[in-house]
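Visitor: Okay, so here is entry.txt, and as you'll see once you scroll down, it has compact mmCIF, C-alpha atoms and all ligand atoms.
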```txt
# COMPACT_ATOMS: atom_id res chain seq x y z
CA MET A 847 12.03 -22.98 7.09
CA GLN A 848 10.61 -24.03 3.73
CA ASN A 849 6.98 -24.39 2.75
CA GLY A 850 7.82 -25.06 -0.87
CA LYS A 851 5.48 -22.46 -2.39
CA ASN A 852 6.77 -19.93 -4.91
CA ILE A 853 5.52 -16.37 -4.76
CA LEU A 854 6.07 -13.66 -7.39
CA VAL A 855 6.09 -10.25 -5.73
CA ILE A 856 5.53 -7.61 -8.40
CA GLY A 857 6.78 -4.29 -7.11
CA GLY A 858 8.85 -6.07 -4.46
CA ALA A 859 11.44 -3.28 -4.37
CA GLY A 860 8.92 -0.73 -3.11
CA PHE A 861 7.78 0.32 0.33
CA ILE A 862 5.09 -2.27 1.10
CA GLY A 863 6.59 -4.83 -1.31
CA SER A 864 9.95 -4.91 0.45
CA HIS A 865 8.37 -5.40 3.87
CA THR A 866 6.06 -8.07 2.51
CA THR A 867 8.98 -9.90 0.91
CA LEU A 868 10.71 -10.06 4.28
CA ALA A 869 7.55 -11.37 5.94
CA LEU A 870 6.93 -13.97 3.20
CA LYS A 871 10.49 -15.25 3.50
CA GLU A 872 10.17 -15.43 7.27
CA ALA A 873 7.02 -17.51 6.70
CA GLY A 874 9.02 -19.95 4.57
CA PHE A 875 7.98 -18.94 1.03
CA ASN A 876 10.35 -18.75 -1.93
CA VAL A 877 10.11 -15.19 -3.21
CA VAL A 878 10.89 -13.93 -6.70
CA ILE A 879 10.75 -10.16 -7.09
CA TYR A 880 9.68 -8.53 -10.36
CA ASP A 881 10.17 -4.78 -10.53
CA ASN A 882 11.02 -2.14 -13.12
CA PHE A 883 12.88 -0.02 -10.55
CA SER A 884 11.11 3.14 -11.67
CA THR A 885 10.44 3.93 -8.02
CA GLY A 886 11.73 0.85 -6.17
CA HIS A 887 15.18 0.46 -4.67
CA ARG A 888 17.68 -2.30 -5.42
CA ASP A 889 18.87 -2.30 -1.81
CA ALA A 890 15.28 -2.98 -0.71
CA CYS A 891 15.07 -6.27 -2.65
CA PHE A 892 15.04 -9.17 -0.22
CA GLY A 893 13.74 -11.89 -2.54
CA HIS A 894 15.61 -15.09 -3.36
CA GLU A 895 15.72 -13.83 -6.95
CA VAL A 896 15.15 -10.49 -8.64
CA VAL A 897 13.91 -9.98 -12.21
CA THR A 898 13.91 -6.53 -13.78
CA GLY A 899 10.93 -6.07 -16.06
CA GLU A 900 7.86 -4.05 -16.95
CA LEU A 901 4.39 -4.95 -15.76
CA ALA A 902 3.15 -4.51 -19.31
CA ASP A 903 5.68 -7.02 -20.68
CA GLN A 904 3.29 -9.94 -20.96
CA ALA A 905 5.77 -12.27 -22.66
CA LYS A 906 8.41 -11.74 -19.98
CA LEU A 907 5.91 -12.16 -17.17
CA THR A 908 4.59 -15.36 -18.72
CA GLN A 909 8.10 -16.72 -18.92
CA VAL A 910 8.93 -15.73 -15.30
CA LEU A 911 5.69 -17.29 -14.02
CA LYS A 912 6.46 -20.55 -15.83
CA THR A 913 10.20 -20.72 -15.14
CA HIS A 914 9.77 -20.17 -11.41
CA ASP A 915 6.71 -22.38 -11.17
CA ILE A 916 4.83 -19.59 -9.37
CA ASP A 917 1.95 -20.58 -7.09
CA CYS A 918 0.66 -17.12 -6.22
CA VAL A 919 1.29 -13.54 -7.37
CA VAL A 920 1.33 -10.58 -4.99
CA HIS A 921 0.88 -7.42 -7.05
CA PHE A 922 2.02 -4.05 -5.69
CA ALA A 923 3.31 -2.26 -8.77
CA ALA A 924 1.29 0.92 -9.30
CA LEU A 925 1.25 4.69 -9.28
CA ILE A 926 0.01 5.61 -5.83
CA GLU A 927 -0.36 9.35 -5.37
CA ALA A 928 -3.99 10.34 -5.20
CA GLY A 929 -3.22 14.04 -5.73
CA GLN A 930 -1.11 13.34 -8.83
CA SER A 931 -3.87 11.14 -10.24
CA VAL A 932 -6.15 14.17 -10.45
CA ILE A 933 -3.52 15.99 -12.51
CA ASP A 934 -2.59 13.08 -14.83
CA PRO A 935 -5.36 10.45 -14.71
CA PHE A 936 -4.41 8.62 -17.91
CA ALA A 937 -1.01 7.72 -16.45
CA PHE A 938 -2.89 5.94 -13.66
CA TYR A 939 -5.21 4.07 -16.00
CA GLU A 940 -2.26 3.02 -18.14
CA ASN A 941 0.02 1.87 -15.29
CA ASN A 942 -2.51 0.58 -12.82
CA VAL A 943 -5.26 -0.83 -15.04
CA ALA A 944 -3.96 -1.57 -18.54
CA ALA A 945 -0.63 -3.01 -17.37
CA THR A 946 -2.38 -5.17 -14.77
CA LEU A 947 -4.51 -6.66 -17.54
CA PHE A 948 -1.28 -7.85 -19.19
CA LEU A 949 -0.25 -9.46 -15.92
CA LEU A 950 -3.61 -11.24 -15.65
CA GLN A 951 -3.30 -12.46 -19.23
CA ALA A 952 0.20 -13.76 -18.48
CA MET A 953 -1.17 -15.57 -15.44
CA ARG A 954 -3.84 -17.22 -17.58
CA THR A 955 -1.26 -18.35 -20.13
CA ALA A 956 1.05 -19.69 -17.42
CA ASP A 957 -1.80 -21.31 -15.53
CA VAL A 958 -1.26 -19.32 -12.32
CA ALA A 959 -4.66 -18.86 -10.69
CA LYS A 960 -4.00 -17.08 -7.36
CA ILE A 961 -3.35 -13.40 -6.80
CA VAL A 962 -3.23 -11.01 -3.87
CA PHE A 963 -3.76 -7.44 -5.08
CA SER A 964 -2.86 -4.10 -3.50
CA SER A 965 -6.06 -2.15 -3.42
CA THR A 966 -6.85 0.94 -1.41
CA ALA A 967 -9.25 2.68 0.93
CA ALA A 968 -9.53 5.27 -1.84
CA VAL A 969 -12.14 3.00 -3.49
CA TYR A 970 -14.65 4.24 -0.89
CA GLY A 971 -14.33 7.98 -1.52
CA ASN A 972 -16.23 10.36 0.75
CA GLN A 973 -18.67 8.40 2.87
CA ASP A 974 -20.69 9.74 5.72
CA MET A 975 -19.72 6.87 8.02
CA ASP A 976 -17.50 6.56 11.06
CA LEU A 977 -15.94 3.35 9.82
CA LEU A 978 -15.67 2.14 6.24
CA SER A 979 -16.80 -1.43 5.77
CA GLU A 980 -16.47 -3.48 2.62
CA GLY A 981 -20.22 -3.56 1.99
CA LEU A 982 -20.42 0.18 1.29
CA PRO A 983 -20.89 1.38 -2.27
CA ASN A 984 -17.58 2.20 -3.92
CA GLU A 985 -17.42 5.89 -4.82
CA PRO A 986 -13.82 6.92 -5.46
CA VAL A 987 -13.18 10.67 -5.60
CA ASN A 988 -9.92 10.47 -7.53
CA PRO A 989 -8.57 8.57 -10.54
CA TYR A 990 -6.19 6.60 -8.31
CA GLY A 991 -9.16 5.12 -6.45
CA HIS A 992 -10.98 4.49 -9.74
CA SER A 993 -7.95 2.70 -11.16
CA LYS A 994 -7.79 0.32 -8.20
CA LEU A 995 -11.52 -0.29 -8.31
CA MET A 996 -11.31 -1.14 -12.02
CA VAL A 997 -8.74 -3.83 -11.23
CA GLU A 998 -10.94 -5.19 -8.44
CA THR A 999 -13.72 -5.46 -11.03
CA MET A 1000 -11.42 -7.27 -13.46
CA LEU A 1001 -10.45 -9.73 -10.75
CA GLN A 1002 -14.05 -10.29 -9.68
CA THR A 1003 -15.24 -10.96 -13.20
CA ALA A 1004 -12.32 -13.32 -13.90
CA ALA A 1005 -13.29 -15.80 -11.18
CA ALA A 1006 -15.98 -17.80 -12.97
CA PRO A 1007 -14.70 -17.83 -16.57
CA TYR A 1008 -10.98 -18.22 -15.84
CA GLY A 1009 -10.96 -19.88 -12.41
CA LEU A 1010 -9.06 -17.03 -10.75
CA THR A 1011 -8.83 -16.82 -6.96
CA SER A 1012 -8.09 -13.25 -5.90
CA ILE A 1013 -7.92 -11.26 -2.70
CA ALA A 1014 -7.86 -7.45 -2.88
CA LEU A 1015 -6.42 -5.82 0.21
CA ARG A 1016 -7.74 -2.32 0.69
CA TYR A 1017 -5.00 -0.53 2.56
CA PHE A 1018 -5.51 2.46 4.64
CA ASN A 1019 -2.44 4.68 5.20
CA ALA A 1020 0.70 2.55 5.04
CA SER A 1021 3.35 4.06 7.28
CA GLY A 1022 6.20 3.30 9.69
CA ALA A 1023 9.26 1.24 8.78
CA ASP A 1024 10.76 -2.15 9.46
CA PRO A 1025 11.43 -2.25 13.24
CA GLU A 1026 14.87 -3.71 12.48
CA GLY A 1027 15.63 -0.84 10.09
CA ARG A 1028 16.15 -3.08 7.04
CA THR A 1029 13.78 -1.07 4.85
CA GLY A 1030 11.43 1.91 5.05
CA GLU A 1031 9.52 4.50 3.07
CA ARG A 1032 11.52 6.24 0.33
CA HIS A 1033 9.62 8.02 -2.40
CA ASP A 1034 11.13 10.56 -4.74
CA PRO A 1035 9.58 13.07 -4.79
CA GLU A 1036 8.07 12.42 -1.36
CA THR A 1037 4.41 13.33 -1.01
CA HIS A 1038 3.35 11.31 2.04
CA LEU A 1039 2.56 12.85 5.36
CA ILE A 1040 4.86 11.13 7.85
CA PRO A 1041 8.06 11.10 5.74
CA LEU A 1042 7.51 14.78 4.87
CA LEU A 1043 7.10 15.64 8.55
CA ILE A 1044 10.24 13.70 9.45
CA GLN A 1045 12.18 15.47 6.71
CA ALA A 1046 11.03 18.78 8.21
CA ALA A 1047 12.05 17.57 11.68
CA LEU A 1048 15.49 16.62 10.33
CA GLY A 1049 15.89 20.09 8.82
CA GLN A 1050 15.81 18.69 5.26
CA ARG A 1051 12.73 20.82 4.58
CA ASP A 1052 12.23 24.37 5.62
CA HIS A 1053 8.62 23.82 6.69
CA PHE A 1054 5.61 21.51 6.42
CA LYS A 1055 2.28 22.37 4.74
CA ILE A 1056 -1.06 21.15 6.12
CA PHE A 1057 -3.40 20.69 3.17
CA GLY A 1058 -6.82 21.87 4.35
CA THR A 1059 -7.94 23.06 7.77
CA ASP A 1060 -11.63 23.49 6.93
CA TYR A 1061 -12.73 19.85 6.71
CA ASP A 1062 -15.75 18.71 8.68
CA THR A 1063 -13.58 17.00 11.30
CA PRO A 1064 -12.96 17.95 14.96
CA ASP A 1065 -9.78 19.96 14.25
CA GLY A 1066 -10.56 20.76 10.59
CA THR A 1067 -7.78 18.57 9.14
CA CYS A 1068 -8.19 15.24 7.33
CA ILE A 1069 -8.42 12.03 9.30
CA ARG A 1070 -6.68 8.85 8.18
CA ASP A 1071 -6.18 5.33 9.55
CA TYR A 1072 -2.39 4.92 9.72
CA ILE A 1073 -1.29 1.31 9.61
CA HIS A 1074 2.22 0.07 10.25
CA VAL A 1075 3.79 -1.42 7.14
CA SER A 1076 4.93 -4.48 9.11
CA ASP A 1077 1.29 -5.13 10.01
CA LEU A 1078 0.39 -4.77 6.33
CA ALA A 1079 3.13 -7.24 5.45
CA GLN A 1080 1.69 -9.82 7.85
CA GLY A 1081 -1.74 -9.22 6.31
CA HIS A 1082 -0.29 -10.17 2.92
CA VAL A 1083 1.21 -13.38 4.28
CA ALA A 1084 -2.20 -14.28 5.71
CA ALA A 1085 -3.89 -13.44 2.39
CA VAL A 1086 -1.42 -15.54 0.40
CA ASN A 1087 -2.05 -18.47 2.73
CA ARG A 1088 -5.78 -18.01 2.34
CA ALA A 1089 -5.62 -17.77 -1.46
CA LEU A 1090 -3.42 -20.86 -1.68
CA GLY A 1091 -5.82 -22.76 0.55
CA GLN A 1092 -8.95 -21.94 -1.52
CA SER A 1093 -10.17 -24.83 -3.61
CA GLN A 1094 -12.79 -22.75 -5.45
CA PRO A 1095 -12.18 -19.64 -7.54
CA GLY A 1096 -13.59 -16.38 -6.24
CA PHE A 1097 -12.90 -12.78 -5.31
CA GLU A 1098 -12.67 -11.28 -1.84
CA GLY A 1099 -12.00 -7.65 -1.01
CA MET A 1100 -11.09 -6.63 2.50
CA ASN A 1101 -9.72 -3.69 4.45
CA LEU A 1102 -6.34 -3.69 6.10
CA GLY A 1103 -6.60 -0.93 8.68
CA THR A 1104 -6.75 -0.41 12.41
CA GLY A 1105 -10.18 1.10 13.03
CA THR A 1106 -8.65 4.22 14.60
CA GLY A 1107 -8.24 7.56 12.86
CA HIS A 1108 -5.78 10.41 13.45
CA SER A 1109 -5.97 13.95 12.12
CA VAL A 1110 -3.11 15.59 10.25
CA ARG A 1111 -2.61 17.89 13.23
CA GLU A 1112 -2.28 14.91 15.59
CA VAL A 1113 0.36 13.39 13.33
CA VAL A 1114 2.23 16.71 13.21
CA ASP A 1115 2.24 16.85 17.03
CA THR A 1116 3.40 13.23 17.31
CA VAL A 1117 6.33 13.77 14.93
CA LYS A 1118 7.34 16.92 16.83
CA ARG A 1119 7.21 15.03 20.12
CA VAL A 1120 9.08 11.91 18.93
CA SER A 1121 11.75 13.89 17.09
CA GLY A 1122 12.09 16.64 19.69
CA SER A 1123 12.17 19.09 16.80
CA ASP A 1124 9.87 22.07 16.36
CA PHE A 1125 9.54 22.93 12.68
CA ARG A 1126 7.40 25.53 10.96
CA VAL A 1127 3.91 24.47 9.87
CA GLU A 1128 2.04 26.39 7.17
CA LEU A 1129 -1.76 26.14 6.85
CA CYS A 1130 -2.66 25.72 3.17
CA PRO A 1131 -5.75 25.13 1.02
CA ARG A 1132 -7.08 21.60 0.48
CA ARG A 1133 -5.28 19.24 -1.88
CA ALA A 1134 -7.55 18.08 -4.73
CA GLY A 1135 -8.92 14.56 -4.37
CA ASP A 1136 -8.53 14.20 -0.59
CA PRO A 1137 -11.53 12.66 1.23
CA ALA A 1138 -12.09 14.18 4.70
CA LYS A 1139 -11.95 10.92 6.60
CA LEU A 1140 -10.87 7.35 5.85
CA VAL A 1141 -10.97 4.92 8.76
CA ALA A 1142 -11.34 1.16 8.39
CA ASP A 1143 -13.83 -1.23 9.77
CA ALA A 1144 -11.22 -3.94 10.32
CA CYS A 1145 -13.61 -6.83 11.12
CA ARG A 1146 -13.60 -8.70 7.81
CA ALA A 1147 -9.83 -9.21 7.71
CA LYS A 1148 -9.93 -10.35 11.33
CA GLU A 1149 -12.62 -12.86 10.46
CA LEU A 1150 -11.25 -14.15 7.15
CA LEU A 1151 -7.51 -13.84 7.69
CA ASP A 1152 -7.33 -14.03 11.47
CA TRP A 1153 -5.25 -10.88 11.12
CA GLU A 1154 -5.23 -7.63 13.02
CA ALA A 1155 -2.79 -4.77 13.43
CA THR A 1156 -0.49 -5.12 16.43
CA ARG A 1157 2.16 -2.44 15.83
CA SER A 1158 0.04 0.42 14.55
CA ASP A 1159 -0.37 2.84 17.42
CA LEU A 1160 0.68 6.23 16.06
CA GLU A 1161 3.60 6.67 18.45
CA THR A 1162 5.17 3.32 17.39
CA ILE A 1163 4.63 4.09 13.71
CA VAL A 1164 6.33 7.46 14.03
CA LYS A 1165 9.16 6.09 16.20
CA ASP A 1166 9.94 3.32 13.67
CA ALA A 1167 9.82 5.78 10.77
CA TRP A 1168 11.93 8.29 12.69
CA ARG A 1169 14.57 5.65 13.47
CA PHE A 1170 14.74 4.61 9.80
CA PHE A 1171 15.01 8.16 8.45
CA SER A 1172 17.32 9.55 11.10
CA GLY A 1173 19.58 6.48 10.74
CA ARG A 1174 19.81 7.08 7.00
CA SER A 1175 20.40 10.78 7.39
CA ALA A 1176 23.19 10.09 9.95
CA GLY A 1177 24.70 7.35 7.72
N1 LIG A 1201 -0.98 15.93 3.87
C1 LIG A 1201 -0.69 17.24 4.26
N2 LIG A 1201 0.49 17.79 3.83
C2 LIG A 1201 1.38 17.11 3.05
C3 LIG A 1201 1.08 15.79 2.67
C4 LIG A 1201 -0.12 15.22 3.09
O1 LIG A 1201 -1.47 17.88 4.95
O2 LIG A 1201 2.42 17.69 2.70
C5 LIG A 1201 -2.24 15.33 4.30
C6 LIG A 1201 -3.13 14.89 3.12
O3 LIG A 1201 -3.91 15.99 2.69
C7 LIG A 1201 -3.93 13.77 3.76
C8 LIG A 1201 -2.99 13.17 4.79
O4 LIG A 1201 -1.96 14.14 5.00
O5 LIG A 1201 -5.04 14.30 4.44
C9 LIG A 1201 -2.35 11.88 4.31
O6 LIG A 1201 -1.80 12.13 3.03
P1 LIG A 1201 -0.86 11.10 2.30
O7 LIG A 1201 -0.44 11.73 1.01
O8 LIG A 1201 0.24 10.68 3.24
O9 LIG A 1201 -1.77 9.82 2.07
P2 LIG A 1201 -3.19 9.65 1.31
O10 LIG A 1201 -4.22 9.70 2.41
O11 LIG A 1201 -3.33 10.73 0.30
O12 LIG A 1201 -3.08 8.30 0.72
```
Step by step, read the file and then write its structure as structure tokens.
Ligand code: UDP
Guide:
Amino acid sequence: MQNGKNILVIGGAGFIGSHTTLALKEAGFNVVIYDNFSTGHRDACFGHEVVTGELADQAKLTQVLKTHDIDCVVHFAALIEAGQSVIDPFAFYENNVAATLFLLQAMRTADVAKIVFSSTAAVYGNQDMDLLSEGLPNEPVNPYGHSKLMVETMLQTAAAPYGLTSIALRYFNASGADPEGRTGERHDPETHLIPLLIQAALGQRDHFKIFGTDYDTPDGTCIRDYIHVSDLAQGHVAAVNRALGQSQPGFEGMNLGTGTGHSVREVVDTVKRVSGSDFRVELCPRRAGDPAKLVADACRAKELLDWEATRSDLETIVKDAWRFFSGRSAG
């Protein structure tokens, strides 16, 4: 299959980037990956070509955009740990905001006017709402969320003067792994809930810590909207198609989530059930920067992208992640 369009996936060696690359290729796009491999994995690169480079290297990016005749950029490269962003905020503004400005400048120089951007539910912060819809005021509670919101603002303000068409996808909690086991979640150090629980279930960790049991939620632990990474990948394909089809510049921000929330305790129970392993759980104080509840209103993406999650029930997410991790640990 060949649709003739060239996509530059920045951060294509990472968790969501590698799944999205697979989905873009399956949809017939030519994919060039650009990654600095600071956190990505070479064996998770599925693009037709791979370029090693820094996001802040404007000259190199300009050259890659021109040489490969790129039609649309999909930009994942960022620091992503909300907790760490409270400890070292400037690192987040440098990597996520300043470096992205270099990318946008390179796109201007190379005359590439379409971008799909990895944003986050963290732009909403703590809202007293059951579901978070895109019309709510943005009130991030950590520098990670601020950094993503700043980029959304840059994209929005670039539409009229520079003719940029951009779509910001506000992810909820990316999780799971490729159902065929080709790629999965591998962070080092790992800070994310489901991989940490699986490591505990595999005996690679002595115990698991629940951060906060006194939130204003039914069981006192934080609630998140866990979305299967393969569903996220399909959302990106739909967003790329939409951006490429737009004849007018403009900015759109939309959630990619399921509309259903699960507490940390529910996820702990699901991992114990799926793995058949009973590991020790320690109840700990809250982690700084964690909103109590983040659950998507998923209507806008359904309307604009004709996209909705199909593989994101918690059991399937945990089973796919468990298969990926236990396969690796056995291999
Ligand atoms: N969490 C936890 N223990 C851990 C890691 C995470 O209790 O060791 C909780 C965290 O406080 C949050 C949820 O799990 O409420 C999801 O955290 P994660 O870091 O996976 O994603 P985030 O929501 O921060 O993007």
Visitor: Using only C-alpha atoms and all ligand atoms, which residues of chain A come within 10 Å of ligand LIG 1201 (chain A), and what is the closest atom pair for each, with the distance in Å to one decimal? Give it as a Markdown table, sorted by chain and residue number.
Guide:
```
| residue | atom | partner | partner_atom | distance |
| --- | --- | --- | --- | --- |
| A:Ile926 | CA | A:LIG1201 | O12 | 7.7 |
| A:Glu927 | CA | A:LIG1201 | O11 | 6.5 |
| A:Ala928 | CA | A:LIG1201 | O11 | 5.6 |
| A:Gly929 | CA | A:LIG1201 | O11 | 6.9 |
| A:Gln930 | CA | A:LIG1201 | O11 | 9.8 |
| A:Thr966 | CA | A:LIG1201 | O12 | 8.5 |
| A:Ala967 | CA | A:LIG1201 | O12 | 8.3 |
| A:Ala968 | CA | A:LIG1201 | O12 | 7.6 |
| A:Tyr990 | CA | A:LIG1201 | O12 | 9.7 |
| A:Gly991 | CA | A:LIG1201 | O12 | 9.9 |
| A:Tyr1017 | CA | A:LIG1201 | O12 | 9.2 |
| A:Phe1018 | CA | A:LIG1201 | O12 | 7.4 |
| A:Asn1019 | CA | A:LIG1201 | O12 | 5.8 |
| A:Ala1020 | CA | A:LIG1201 | O12 | 8.1 |
| A:Ser1021 | CA | A:LIG1201 | O8 | 8.4 |
| A:Glu1036 | CA | A:LIG1201 | O2 | 8.7 |
| A:Thr1037 | CA | A:LIG1201 | O7 | 5.5 |
| A:His1038 | CA | A:LIG1201 | O8 | 3.4 |
| A:Leu1039 | CA | A:LIG1201 | O8 | 3.8 |
| A:Ile1040 | CA | A:LIG1201 | O8 | 6.5 |
| A:Pro1041 | CA | A:LIG1201 | O8 | 8.2 |
| A:Leu1042 | CA | A:LIG1201 | O2 | 6.3 |
| A:Leu1043 | CA | A:LIG1201 | O2 | 7.8 |
| A:His1053 | CA | A:LIG1201 | O2 | 9.6 |
| A:Phe1054 | CA | A:LIG1201 | O2 | 6.2 |
| A:Lys1055 | CA | A:LIG1201 | N2 | 5.0 |
| A:Ile1056 | CA | A:LIG1201 | O1 | 3.5 |
| A:Phe1057 | CA | A:LIG1201 | O1 | 3.8 |
| A:Gly1058 | CA | A:LIG1201 | O1 | 6.7 |
| A:Thr1059 | CA | A:LIG1201 | O1 | 8.8 |
| A:Tyr1061 | CA | A:LIG1201 | O5 | 9.8 |
| A:Thr1067 | CA | A:LIG1201 | O5 | 6.9 |
| A:Cys1068 | CA | A:LIG1201 | O5 | 4.4 |
| A:Ile1069 | CA | A:LIG1201 | O5 | 6.3 |
| A:Arg1070 | CA | A:LIG1201 | O10 | 6.3 |
| A:Asp1071 | CA | A:LIG1201 | O10 | 8.6 |
| A:Tyr1072 | CA | A:LIG1201 | C9 | 8.8 |
| A:His1108 | CA | A:LIG1201 | C8 | 9.5 |
| A:Ser1109 | CA | A:LIG1201 | O5 | 7.7 |
| A:Val1110 | CA | A:LIG1201 | O4 | 5.6 |
| A:Arg1111 | CA | A:LIG1201 | O1 | 8.4 |
| A:Val1113 | CA | A:LIG1201 | O4 | 8.7 |
| A:Val1114 | CA | A:LIG1201 | O1 | 9.1 |
| A:Val1127 | CA | A:LIG1201 | N2 | 9.6 |
| A:Glu1128 | CA | A:LIG1201 | N2 | 9.4 |
| A:Leu1129 | CA | A:LIG1201 | O1 | 8.5 |
| A:Cys1130 | CA | A:LIG1201 | O1 | 8.1 |
| A:Pro1131 | CA | A:LIG1201 | O1 | 9.3 |
| A:Arg1132 | CA | A:LIG1201 | O3 | 6.8 |
| A:Arg1133 | CA | A:LIG1201 | O3 | 5.8 |
| A:Ala1134 | CA | A:LIG1201 | O3 | 8.5 |
| A:Gly1135 | CA | A:LIG1201 | O11 | 8.2 |
| A:Asp1136 | CA | A:LIG1201 | O3 | 5.9 |
| A:Pro1137 | CA | A:LIG1201 | O5 | 7.4 |
| A:Ala1138 | CA | A:LIG1201 | O5 | 7.1 |
| A:Lys1139 | CA | A:LIG1201 | O5 | 8.0 |
| A:Leu1140 | CA | A:LIG1201 | O10 | 7.8 |
```
Visitor: Would you please work out which residue, of A:Met975, A:Ala1167, A:Ala924, A:Ile1073, is nearest to Thr946 (chain A) when using all atoms listed in the file?
Guide: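 The shortest atom-to-atom distance to Thr946 (chain A) comes from A:Ala924.
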Visitor: In terms of the shortest atom-to-atom distance over only C-alpha atoms, which of A:Gly1107, A:Gly1173, A:Gly1081, A:Pro1035 is closest to Pro1064 (chain A)?
Guide: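 Closest to Pro1064 (chain A) of all the choices is A:Gly1107.
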Visitor: For the atom pair CA of Val943 (chain A) and CA of Ser979 (chain A), what is the interatomic distance in Å to one decimal place?
Guide: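 Spanning CA of Val943 (chain A) to CA of Ser979 (chain A) is a straight-line distance of 23.8 Å.
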Visitor: Go ahead and compute the interatomic distance for CA of Asp934 (chain A) and CA of Asp974 (chain A), in Å to one decimal.
Guide: 27.6 Å
Visitor: So how many Å separate CA of Pro989 (chain A) and CA of Gly971 (chain A), to one decimal?
Guide: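 That distance, rounded to one decimal, is 10.7 Å.
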Visitor: If we count all atoms listed in the file and set the cut-off at 12 Å, which residues sit around Glu1026 (chain A), ignoring sequence neighbours fewer than 6 positions away in its own chain? Please answer as a PyMOL selection string.
Guide: chain A and resi 865+868+1076+1165-1167+1169-1170+1173
Visitor: Can you tell me which residues surround Gly1030 (chain A) at a distance of at most 7 Å, considering only C-alpha atoms, apart from same-chain residues fewer than 3 positions away, and format the answer as a list in words?
Guide: Phe861, Ala1023, Asp1024 and Phe1170 of chain A
Visitor: Just add all heavy atoms to region 904-908 of chain A and send it as a short mmCIF file (atom, residue, chain, number, x, y, z; two decimals), in the frame of the given file.
Guide:
```
data_model
loop_
_atom_site.label_atom_id
_atom_site.label_comp_id
_atom_site.auth_asym_id
_atom_site.auth_seq_id
_atom_site.Cartn_x
_atom_site.Cartn_y
_atom_site.Cartn_z
N GLN A 904 4.04 -8.70 -21.18
CA GLN A 904 3.29 -9.94 -20.96
C GLN A 904 4.14 -11.18 -21.24
O GLN A 904 4.08 -12.16 -20.51
CB GLN A 904 2.05 -9.93 -21.87
CG GLN A 904 1.06 -11.01 -21.56
CD GLN A 904 -0.18 -10.89 -22.43
OE1 GLN A 904 -0.58 -9.79 -22.79
NE2 GLN A 904 -0.79 -12.00 -22.76
N ALA A 905 4.96 -11.10 -22.30
CA ALA A 905 5.77 -12.27 -22.66
C ALA A 905 6.78 -12.58 -21.55
O ALA A 905 6.96 -13.74 -21.15
CB ALA A 905 6.50 -12.00 -23.97
N LYS A 906 7.41 -11.53 -21.03
CA LYS A 906 8.41 -11.74 -19.98
C LYS A 906 7.76 -12.27 -18.71
O LYS A 906 8.27 -13.20 -18.06
CB LYS A 906 9.14 -10.43 -19.69
CG LYS A 906 10.28 -10.57 -18.73
CD LYS A 906 11.19 -9.37 -18.80
CE LYS A 906 12.52 -9.68 -18.11
NZ LYS A 906 13.53 -8.69 -18.39
N LEU A 907 6.62 -11.70 -18.37
CA LEU A 907 5.91 -12.16 -17.17
C LEU A 907 5.49 -13.62 -17.31
O LEU A 907 5.62 -14.41 -16.37
CB LEU A 907 4.68 -11.29 -16.92
CG LEU A 907 4.92 -10.05 -16.07
CD1 LEU A 907 3.70 -9.13 -16.14
CD2 LEU A 907 5.21 -10.43 -14.62
N THR A 908 5.01 -13.97 -18.49
CA THR A 908 4.59 -15.36 -18.72
C THR A 908 5.77 -16.29 -18.49
O THR A 908 5.67 -17.32 -17.81
CB THR A 908 4.05 -15.53 -20.16
OG1 THR A 908 3.05 -14.55 -20.38
CG2 THR A 908 3.48 -16.92 -20.38
#
```
